[in-house]
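> File my_file32.cif follows (mmCIF, C-alpha atoms and all ligand atoms):
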data_coords
#
loop_
_atom_site.group_PDB
_atom_site.id
_atom_site.type_symbol
_atom_site.label_atom_id
_atom_site.label_comp_id
_atom_site.auth_asym_id
_atom_site.auth_seq_id
_atom_site.Cartn_x
_atom_site.Cartn_y
_atom_site.Cartn_z
ATOM 1 C CA MET A 646 10.717 19.288 0.149
ATOM 2 C CA ILE A 647 10.552 16.605 2.823
ATOM 3 C CA TYR A 648 8.246 17.707 5.608
ATOM 4 C CA ILE A 649 9.459 16.535 9.026
ATOM 5 C CA LYS A 650 6.637 15.844 11.517
ATOM 6 C CA SER A 651 6.708 16.702 15.216
ATOM 7 C CA PRO A 652 5.849 14.036 17.816
ATOM 8 C CA THR A 653 2.423 15.716 18.203
ATOM 9 C CA GLU A 654 1.804 15.510 14.469
ATOM 10 C CA ILE A 655 2.860 11.871 14.389
ATOM 11 C CA ASP A 656 0.420 11.246 17.212
ATOM 12 C CA CYS A 657 -2.393 12.614 15.004
ATOM 13 C CA MET A 658 -1.252 10.352 12.169
ATOM 14 C CA ARG A 659 -1.254 7.400 14.572
ATOM 15 C CA ARG A 660 -5.010 7.846 15.022
ATOM 16 C CA SER A 661 -5.617 8.063 11.242
ATOM 17 C CA GLY A 662 -3.498 4.957 10.822
ATOM 18 C CA GLU A 663 -5.429 2.957 13.388
ATOM 19 C CA ILE A 664 -8.735 3.682 11.698
ATOM 20 C CA LEU A 665 -7.356 2.633 8.327
ATOM 21 C CA ARG A 666 -5.856 -0.545 9.792
ATOM 22 C CA ASP A 667 -9.262 -1.475 11.200
ATOM 23 C CA CYS A 668 -11.002 -0.585 7.942
ATOM 24 C CA LEU A 669 -8.757 -3.019 6.048
ATOM 25 C CA LEU A 670 -9.486 -5.768 8.603
ATOM 26 C CA PHE A 671 -13.186 -5.037 8.145
ATOM 27 C CA LEU A 672 -12.775 -5.397 4.375
ATOM 28 C CA GLU A 673 -10.700 -8.577 4.660
ATOM 29 C CA GLU A 674 -13.639 -10.335 6.308
ATOM 30 C CA ARG A 675 -15.790 -9.379 3.336
ATOM 31 C CA VAL A 676 -13.512 -10.558 0.532
ATOM 32 C CA LYS A 677 -14.946 -13.795 -0.819
ATOM 33 C CA PRO A 678 -16.008 -15.352 -4.117
ATOM 34 C CA GLY A 679 -19.159 -13.686 -5.463
ATOM 35 C CA VAL A 680 -18.728 -10.262 -3.903
ATOM 36 C CA SER A 681 -18.251 -7.375 -6.339
ATOM 37 C CA THR A 682 -15.413 -4.903 -5.910
ATOM 38 C CA LYS A 683 -18.055 -2.158 -6.000
ATOM 39 C CA ARG A 684 -19.611 -3.695 -2.905
ATOM 40 C CA LEU A 685 -16.209 -3.716 -1.173
ATOM 41 C CA ASP A 686 -15.852 -0.079 -2.095
ATOM 42 C CA GLU A 687 -19.229 0.692 -0.486
ATOM 43 C CA PHE A 688 -18.170 -1.141 2.678
ATOM 44 C CA ALA A 689 -14.967 0.908 2.791
ATOM 45 C CA HIS A 690 -16.745 4.197 2.160
ATOM 46 C CA ASP A 691 -19.323 3.548 4.878
ATOM 47 C CA TYR A 692 -16.639 2.508 7.341
ATOM 48 C CA ILE A 693 -14.522 5.588 6.712
ATOM 49 C CA VAL A 694 -17.412 8.037 6.955
ATOM 50 C CA ARG A 695 -18.868 6.292 10.018
ATOM 51 C CA HIS A 696 -15.545 6.858 11.788
ATOM 52 C CA GLY A 697 -15.522 10.588 11.128
ATOM 53 C CA CYS A 698 -12.978 10.406 8.306
ATOM 54 C CA LYS A 699 -12.887 11.392 4.674
ATOM 55 C CA PRO A 700 -12.006 8.868 1.941
ATOM 56 C CA SER A 701 -8.896 10.373 0.350
ATOM 57 C CA PHE A 702 -9.063 8.429 -2.924
ATOM 58 C CA LEU A 703 -12.610 9.398 -3.860
ATOM 59 C CA GLY A 704 -12.378 12.175 -6.446
ATOM 60 C CA TYR A 705 -8.565 12.295 -6.277
ATOM 61 C CA GLY A 706 -7.594 13.164 -9.852
ATOM 62 C CA GLY A 707 -11.111 11.998 -10.722
ATOM 63 C CA PHE A 708 -10.786 8.534 -9.137
ATOM 64 C CA PRO A 709 -14.275 7.021 -8.779
ATOM 65 C CA GLY A 710 -13.944 4.996 -5.539
ATOM 66 C CA SER A 711 -12.778 4.951 -1.932
ATOM 67 C CA ILE A 712 -10.564 1.923 -2.621
ATOM 68 C CA CYS A 713 -8.462 0.772 -5.528
ATOM 69 C CA ALA A 714 -9.414 -2.828 -6.312
ATOM 70 C CA SER A 715 -6.690 -4.533 -8.342
ATOM 71 C CA VAL A 716 -7.398 -8.154 -9.275
ATOM 72 C CA ASP A 717 -4.686 -10.600 -10.437
ATOM 73 C CA GLU A 718 -2.692 -8.958 -13.268
ATOM 74 C CA VAL A 719 -3.790 -5.469 -12.236
ATOM 75 C CA VAL A 720 -0.856 -4.003 -10.301
ATOM 76 C CA VAL A 721 -2.592 -0.970 -8.784
ATOM 77 C CA HIS A 722 -5.347 1.627 -9.371
ATOM 78 C CA GLY A 723 -8.085 -0.768 -10.486
ATOM 79 C CA PHE A 724 -11.561 0.842 -10.414
ATOM 80 C CA PRO A 725 -14.182 -0.825 -8.229
ATOM 81 C CA SER A 726 -16.762 -2.480 -10.519
ATOM 82 C CA GLU A 727 -19.806 -4.726 -10.649
ATOM 83 C CA LYS A 728 -17.550 -7.654 -11.552
ATOM 84 C CA ARG A 729 -17.672 -10.369 -8.921
ATOM 85 C CA LEU A 730 -14.578 -11.911 -7.364
ATOM 86 C CA GLU A 731 -13.842 -15.526 -8.270
ATOM 87 C CA GLU A 732 -12.280 -18.326 -6.255
ATOM 88 C CA GLY A 733 -8.517 -18.414 -6.750
ATOM 89 C CA GLN A 734 -8.055 -14.733 -7.524
ATOM 90 C CA ILE A 735 -5.932 -12.323 -5.526
ATOM 91 C CA ILE A 736 -7.112 -8.769 -4.966
ATOM 92 C CA GLY A 737 -5.035 -5.781 -3.987
ATOM 93 C CA VAL A 738 -7.123 -3.417 -1.890
ATOM 94 C CA ASP A 739 -5.546 0.000 -1.484
ATOM 95 C CA CYS A 740 -7.308 2.483 0.765
ATOM 96 C CA GLY A 741 -6.658 5.959 2.133
ATOM 97 C CA LEU A 742 -8.387 8.273 4.557
ATOM 98 C CA ILE A 743 -8.074 11.649 6.229
ATOM 99 C CA PHE A 744 -8.779 12.109 9.939
ATOM 100 C CA LYS A 745 -8.627 15.657 11.307
ATOM 101 C CA GLY A 746 -6.463 16.725 8.391
ATOM 102 C CA TRP A 747 -3.989 13.842 8.558
ATOM 103 C CA GLN A 748 -3.649 11.181 5.890
ATOM 104 C CA ALA A 749 -3.166 7.433 6.140
ATOM 105 C CA ASP A 750 -2.538 5.133 3.176
ATOM 106 C CA ALA A 751 -2.270 1.337 3.200
ATOM 107 C CA ALA A 752 -2.847 -1.683 0.984
ATOM 108 C CA ARG A 753 -3.206 -5.435 1.374
ATOM 109 C CA THR A 754 -3.450 -8.241 -1.150
ATOM 110 C CA PHE A 755 -6.206 -10.622 -0.109
ATOM 111 C CA LEU A 756 -6.787 -14.200 -1.250
ATOM 112 C CA VAL A 757 -10.223 -14.972 -2.705
ATOM 113 C CA GLY A 758 -11.240 -18.390 -1.358
ATOM 114 C CA GLU A 759 -8.727 -21.140 -2.104
ATOM 115 C CA VAL A 760 -5.709 -19.774 -3.939
ATOM 116 C CA GLY A 761 -2.867 -21.718 -5.600
ATOM 117 C CA GLU A 762 0.583 -21.953 -4.012
ATOM 118 C CA GLU A 763 2.283 -19.823 -6.664
ATOM 119 C CA LYS A 764 0.062 -16.826 -5.997
ATOM 120 C CA LYS A 765 0.240 -17.302 -2.235
ATOM 121 C CA LEU A 766 4.027 -17.233 -2.392
ATOM 122 C CA LEU A 767 3.913 -13.999 -4.401
ATOM 123 C CA VAL A 768 1.618 -12.384 -1.814
ATOM 124 C CA ASP A 769 3.798 -13.586 1.089
ATOM 125 C CA THR A 770 7.031 -12.425 -0.524
ATOM 126 C CA THR A 771 5.576 -8.997 -1.270
ATOM 127 C CA ARG A 772 4.564 -8.571 2.382
ATOM 128 C CA GLU A 773 7.943 -9.842 3.603
ATOM 129 C CA SER A 774 9.755 -7.376 1.359
ATOM 130 C CA PHE A 775 7.878 -4.505 3.010
ATOM 131 C CA PHE A 776 9.311 -5.575 6.387
ATOM 132 C CA LYS A 777 12.798 -5.885 4.862
ATOM 133 C CA GLY A 778 12.375 -2.266 3.785
ATOM 134 C CA VAL A 779 11.135 -1.132 7.198
ATOM 135 C CA GLU A 780 14.210 -2.713 8.863
ATOM 136 C CA GLN A 781 16.263 -0.151 6.951
ATOM 137 C CA PHE A 782 14.073 2.809 7.939
ATOM 138 C CA LYS A 783 16.324 4.223 10.631
ATOM 139 C CA ALA A 784 18.006 7.539 11.309
ATOM 140 C CA GLY A 785 21.278 7.906 9.449
ATOM 141 C CA ASN A 786 20.426 5.365 6.747
ATOM 142 C CA ARG A 787 19.564 6.508 3.244
ATOM 143 C CA LEU A 788 16.304 6.080 1.362
ATOM 144 C CA GLY A 789 18.085 3.777 -1.092
ATOM 145 C CA ASP A 790 18.682 1.324 1.747
ATOM 146 C CA ILE A 791 14.914 0.775 2.015
ATOM 147 C CA SER A 792 14.484 0.519 -1.764
ATOM 148 C CA ASN A 793 17.374 -1.869 -2.183
ATOM 149 C CA ALA A 794 16.256 -4.207 0.623
ATOM 150 C CA ILE A 795 12.824 -4.574 -0.996
ATOM 151 C CA GLN A 796 14.274 -5.117 -4.459
ATOM 152 C CA ARG A 797 16.804 -7.722 -3.341
ATOM 153 C CA HIS A 798 14.274 -9.747 -1.375
ATOM 154 C CA CYS A 799 11.946 -9.999 -4.386
ATOM 155 C CA GLU A 800 14.448 -10.372 -7.199
ATOM 156 C CA GLN A 801 16.282 -13.175 -5.353
ATOM 157 C CA ARG A 802 13.014 -15.088 -5.609
ATOM 158 C CA GLY A 803 12.673 -14.387 -9.316
ATOM 159 C CA TYR A 804 9.964 -11.745 -9.122
ATOM 160 C CA GLY A 805 9.690 -8.499 -11.062
ATOM 161 C CA VAL A 806 9.795 -5.224 -9.138
ATOM 162 C CA VAL A 807 7.484 -2.602 -10.624
ATOM 163 C CA ARG A 808 9.295 0.556 -11.728
ATOM 164 C CA SER A 809 6.439 2.743 -12.946
ATOM 165 C CA MET A 810 4.834 3.202 -9.496
ATOM 166 C CA VAL A 811 6.559 4.049 -6.218
ATOM 167 C CA GLY A 812 5.829 4.842 -2.576
ATOM 168 C CA HIS A 813 5.880 8.360 -1.146
ATOM 169 C CA GLY A 814 6.069 10.647 1.835
ATOM 170 C CA ILE A 815 2.719 11.278 3.514
ATOM 171 C CA GLY A 816 1.274 13.729 6.028
ATOM 172 C CA ARG A 817 -1.195 16.536 5.434
ATOM 173 C CA GLU A 818 -1.010 15.488 1.775
ATOM 174 C CA MET A 819 -1.396 11.931 0.530
ATOM 175 C CA HIS A 820 1.625 12.265 -1.745
ATOM 176 C CA GLU A 821 4.550 14.197 -0.313
ATOM 177 C CA ASP A 822 8.281 14.064 -0.921
ATOM 178 C CA PRO A 823 10.283 11.932 -1.126
ATOM 179 C CA PRO A 824 9.290 9.336 -3.735
ATOM 180 C CA VAL A 825 10.035 5.881 -2.276
ATOM 181 C CA PRO A 826 10.982 3.449 -5.062
ATOM 182 C CA ASN A 827 11.033 -0.303 -4.456
ATOM 183 C CA PHE A 828 14.321 -0.533 -6.332
ATOM 184 C CA GLY A 829 17.602 1.322 -6.050
ATOM 185 C CA LYS A 830 21.079 1.494 -4.649
ATOM 186 C CA ALA A 831 21.888 1.074 -0.980
ATOM 187 C CA GLY A 832 23.671 4.109 0.465
ATOM 188 C CA HIS A 833 22.040 6.510 -2.017
ATOM 189 C CA GLY A 834 19.247 9.053 -1.782
ATOM 190 C CA PRO A 835 18.063 11.357 1.011
ATOM 191 C CA LYS A 836 19.211 10.718 4.549
ATOM 192 C CA LEU A 837 16.513 9.247 6.780
ATOM 193 C CA GLN A 838 15.677 11.205 9.903
ATOM 194 C CA VAL A 839 13.320 11.164 12.855
ATOM 195 C CA GLY A 840 9.996 12.786 11.912
ATOM 196 C CA MET A 841 9.825 11.367 8.394
ATOM 197 C CA VAL A 842 6.617 9.527 7.529
ATOM 198 C CA LEU A 843 6.634 7.293 4.466
ATOM 199 C CA ALA A 844 4.118 5.131 2.634
ATOM 200 C CA ILE A 845 6.296 2.115 1.829
ATOM 201 C CA GLU A 846 4.544 -0.007 -0.768
ATOM 202 C CA PRO A 847 6.164 -2.836 -2.706
ATOM 203 C CA MET A 848 4.343 -3.714 -5.952
ATOM 204 C CA ILE A 849 5.702 -7.073 -7.066
ATOM 205 C CA ASN A 850 5.003 -9.115 -10.209
ATOM 206 C CA MET A 851 5.207 -12.872 -10.652
ATOM 207 C CA GLY A 852 6.830 -12.351 -14.050
ATOM 208 C CA THR A 853 8.342 -9.322 -15.736
ATOM 209 C CA TRP A 854 8.647 -5.994 -13.905
ATOM 210 C CA GLN A 855 7.262 -4.252 -16.976
ATOM 211 C CA THR A 856 3.798 -2.753 -16.841
ATOM 212 C CA LEU A 857 1.238 -0.999 -19.018
ATOM 213 C CA GLU A 858 -0.883 1.955 -17.927
ATOM 214 C CA ASP A 859 -4.125 3.178 -19.446
ATOM 215 C CA GLY A 860 -4.280 6.486 -17.594
ATOM 216 C CA TRP A 861 -5.382 4.870 -14.343
ATOM 217 C CA LYS A 862 -5.151 1.105 -14.263
ATOM 218 C CA CYS A 863 -1.642 -0.373 -14.210
ATOM 219 C CA VAL A 864 -1.339 -3.992 -15.408
ATOM 220 C CA THR A 865 1.562 -6.411 -15.865
ATOM 221 C CA LEU A 866 2.881 -6.552 -19.422
ATOM 222 C CA ASP A 867 2.901 -10.365 -19.459
ATOM 223 C CA GLY A 868 -0.537 -10.760 -17.837
ATOM 224 C CA LYS A 869 0.892 -12.590 -14.818
ATOM 225 C CA PRO A 870 -0.369 -11.716 -11.332
ATOM 226 C CA SER A 871 0.940 -8.880 -9.198
ATOM 227 C CA ALA A 872 0.734 -8.191 -5.450
ATOM 228 C CA HIS A 873 0.799 -4.981 -3.404
ATOM 229 C CA TYR A 874 1.417 -4.364 0.274
ATOM 230 C CA GLU A 875 1.589 -0.931 1.875
ATOM 231 C CA ASN A 876 1.683 0.781 5.233
ATOM 232 C CA THR A 877 2.186 4.314 6.502
ATOM 233 C CA VAL A 878 5.372 4.234 8.598
ATOM 234 C CA ALA A 879 6.772 6.947 10.893
ATOM 235 C CA LEU A 880 10.365 7.257 12.037
ATOM 236 C CA THR A 881 10.273 8.199 15.727
ATOM 237 C CA GLU A 882 12.913 8.450 18.454
ATOM 238 C CA ASN A 883 12.118 4.794 19.187
ATOM 239 C CA GLY A 884 12.636 3.691 15.584
ATOM 240 C CA ALA A 885 10.242 2.894 12.743
ATOM 241 C CA GLU A 886 6.611 2.650 13.791
ATOM 242 C CA ILE A 887 4.044 1.177 11.416
ATOM 243 C CA LEU A 888 0.954 3.334 11.856
ATOM 244 C CA THR A 889 -1.473 1.252 9.787
ATOM 245 C CA LEU A 890 -0.782 -2.189 11.235
HETATM 246 MG MG MG B 1 -2.071 3.231 -1.121
HETATM 247 MG MG MG B 2 0.512 4.995 -1.368
#
Translate the structure of the given file into structure tokens.


Amino acid sequence: MIYIKSPTEIDCMRRSGEILRDCLLFLEERVKPGVSTKRLDEFAHDYIVRHGCKPSFLGYGGFPGSICASVDEVVVHGFPSEKRLEEGQIIGVDCGLIFKGWQADAARTFLVGEVGEEKKLLVDTTRESFFKGVEQFKAGNRLGDISNAIQRHCEQRGYGVVRSMVGHGIGREMHEDPPVPNFGKAGHGPKLQVGMVLAIEPMINMGTWQTLEDGWKCVTLDGKPSAHYENTVALTENGAEILTL
């Protein structure tokens, strides 16, 4: 069931979103060659707790960190580790928190030092496709309009759109209805209405869309890099509002 939020509830989610936005900016400054993803996870955890929030990922289904740290060919759900980042890598940092009972969920793909043009273009296109999706998040449209806009933007550029992982509704729970795929048919799916809050999150591969999962970690089948970009977005009377940006 899709849970429609009142303006007051969206206002609470706005505050959660702001804290998460700032947490990701805080992490961005700390992404550089030589830093371990475990260290980034500690930074995130401290930041979240210091701001009176709870890290929503930690312990979720047994997940061991407050961020997912997904380097290069890892699509999503990488565990933070002692491994140090290297120049030229890209790292997807996905983070979630709960403030006064309300969830926020967002991800960025950061560049580690100097990164080649091919990877930069993948990261840029993934972010752009999110905004193409958000343009379609308006009352009266259908969910498939969002999905299709993301898919078209990425496939036109020759990229693979991940099928095995999708976005989701969000609110009191991190994962609510409806699922929000990054692929699909325009004009199909649930009708979009004011009060919906969605985590829209394109996961885009440089090569094939196919992936492999080992229970947690999701990697590209061909070993080519993948990028991820996510925000929590509310549909209000004034249109789509990105709460984590
Ligand atoms: Mg996320
Ligand atoms: Mg999400």

> Residues near range 863-874 of chain A, anyone? I mean within 10 Å using all atoms listed in the file, not counting same-chain ones fewer than 6 positions away, as a PyMOL selection string.

chain A and resi 715-723+734-739+751-755+763-765+767-775+804-807+809-810+845-857

> For the structure provided, state which residues fall under the PyMOL selection byres (((chain A and resi 647-658) around 10) and not hetatm), and present them as a VMD selection string.

chain A and resid 646 659 to 663 743 to 749 814 to 817 821 to 824 835 838 to 842 877 to 882 886 888 to 889

> Using all atoms listed in the file for the distances, tell me which of A:Leu890, A:Ile693, A:Lys836, A:Leu670 is nearest to Lys783 in chain A.

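Of the candidates, the smallest distance to Lys783 in chain A is held by A:Lys836.
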
> Kindly assemble as JSON lines a list of the chain A residues that lie within 6 Å of ligand MG 2 (chain B), each paired with its nearest atom pair and their distance in Å to one decimal, using only C-alpha atoms and all ligand atoms, sorted first by chain and then by ascending residue number.


{"residue": "A:Asp750", "atom": "CA", "partner": "B:MG2", "partner_atom": "MG", "distance": 5.5}
{"residue": "A:Gly812", "atom": "CA", "partner": "B:MG2", "partner_atom": "MG", "distance": 5.5}
{"residue": "A:Ala844", "atom": "CA", "partner": "B:MG2", "partner_atom": "MG", "distance": 5.4}

> How would you write, as a PyMOL selection string, the residues chosen by the PyMOL selection byres (((chain A and resi 788) around 7) and not hetatm) on this structure?

chain A and resi 786-787+789-792+833-837

> One decimal, in Å: what's the spacing between CA of Ser701 in chain A and CA of Glu818 in chain A?

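Calculated distance between CA of Ser701 in chain A and CA of Glu818 in chain A is 9.5 Å.
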
> What does the distance between CA of Leu756 in chain A and CA of Leu730 in chain A come to in Å, to one decimal place?

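Those two atoms sit 10.2 Å apart.
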
> Measure the distance from CA of Pro725 in chain A to CA of Leu766 in chain A in Å and round it to one decimal.

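Separation of CA of Pro725 in chain A and CA of Leu766 in chain A: 25.2 Å.
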
> Which of these residues is nearest to Glu759 in chain A, using all atoms listed in the file: A:His820, A:Lys677, A:Arg802, A:His813?

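Counting all atoms listed in the file, the residue closest to Glu759 in chain A is A:Lys677.
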
> Let me make sure I understand: among A:Phe724, A:Ala831, A:Cys668, A:Ala689, which one has the smallest atom-to-atom distance to Gly707 in chain A if we use only C-alpha atoms?

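That would be A:Phe724, the residue with the smallest distance to Gly707 in chain A.
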
> Smallest atom-to-atom distance to ligand MG 1 (chain B): which of A:Glu727, A:Cys799, A:Cys713, A:Ile664, using only C-alpha atoms and all ligand atoms?

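Of all the options, A:Cys713 lies closest to ligand MG 1 (chain B).
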
> Go through A:Ile887, A:Val811, A:Val760, A:Ala794 and flag the residue nearest ligand MG 1 (chain B), using all atoms listed in the file for the distances.

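Counting all atoms listed in the file, the residue closest to ligand MG 1 (chain B) is A:Val811.
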
> Set up a box along x, y and z of the file covering all listed atoms of range 864-879 of chain A, add 3 Å on every one of the six sides, and write the centre and edge lengths in Å to one decimal, as AutoDock Vina command-line options.


--center_x 2.7 --center_y -2.8 --center_z -4.3 --size_x 14.1 --size_y 25.5 --size_z 36.4

> Expand the PyMOL selection byres (((chain A and resi 728) around 9) and not hetatm) into the explicit residue set it covers here, and present it as a PDB file with C-alpha atoms, in the coordinates of the input.


ATOM      1  CA  GLY A 679     -19.159 -13.686  -5.463  1.00  0.00           C
ATOM      2  CA  VAL A 680     -18.728 -10.262  -3.903  1.00  0.00           C
ATOM      3  CA  SER A 681     -18.251  -7.375  -6.339  1.00  0.00           C
ATOM      4  CA  THR A 682     -15.413  -4.903  -5.910  1.00  0.00           C
ATOM      5  CA  LYS A 683     -18.055  -2.158  -6.000  1.00  0.00           C
ATOM      6  CA  PRO A 725     -14.182  -0.825  -8.229  1.00  0.00           C
ATOM      7  CA  SER A 726     -16.762  -2.480 -10.519  1.00  0.00           C
ATOM      8  CA  GLU A 727     -19.806  -4.726 -10.649  1.00  0.00           C
ATOM      9  CA  ARG A 729     -17.672 -10.369  -8.921  1.00  0.00           C
ATOM     10  CA  LEU A 730     -14.578 -11.911  -7.364  1.00  0.00           C
TER      11      LEU A 730
END

> Under the rule that only C-alpha atoms and all ligand atoms are counted, which of A:Ser711, A:Asn827, A:Asn883, A:Asn793 is the nearest residue to ligand MG 1 (chain B)?

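So, comparing all the options, the nearest one is A:Ser711.
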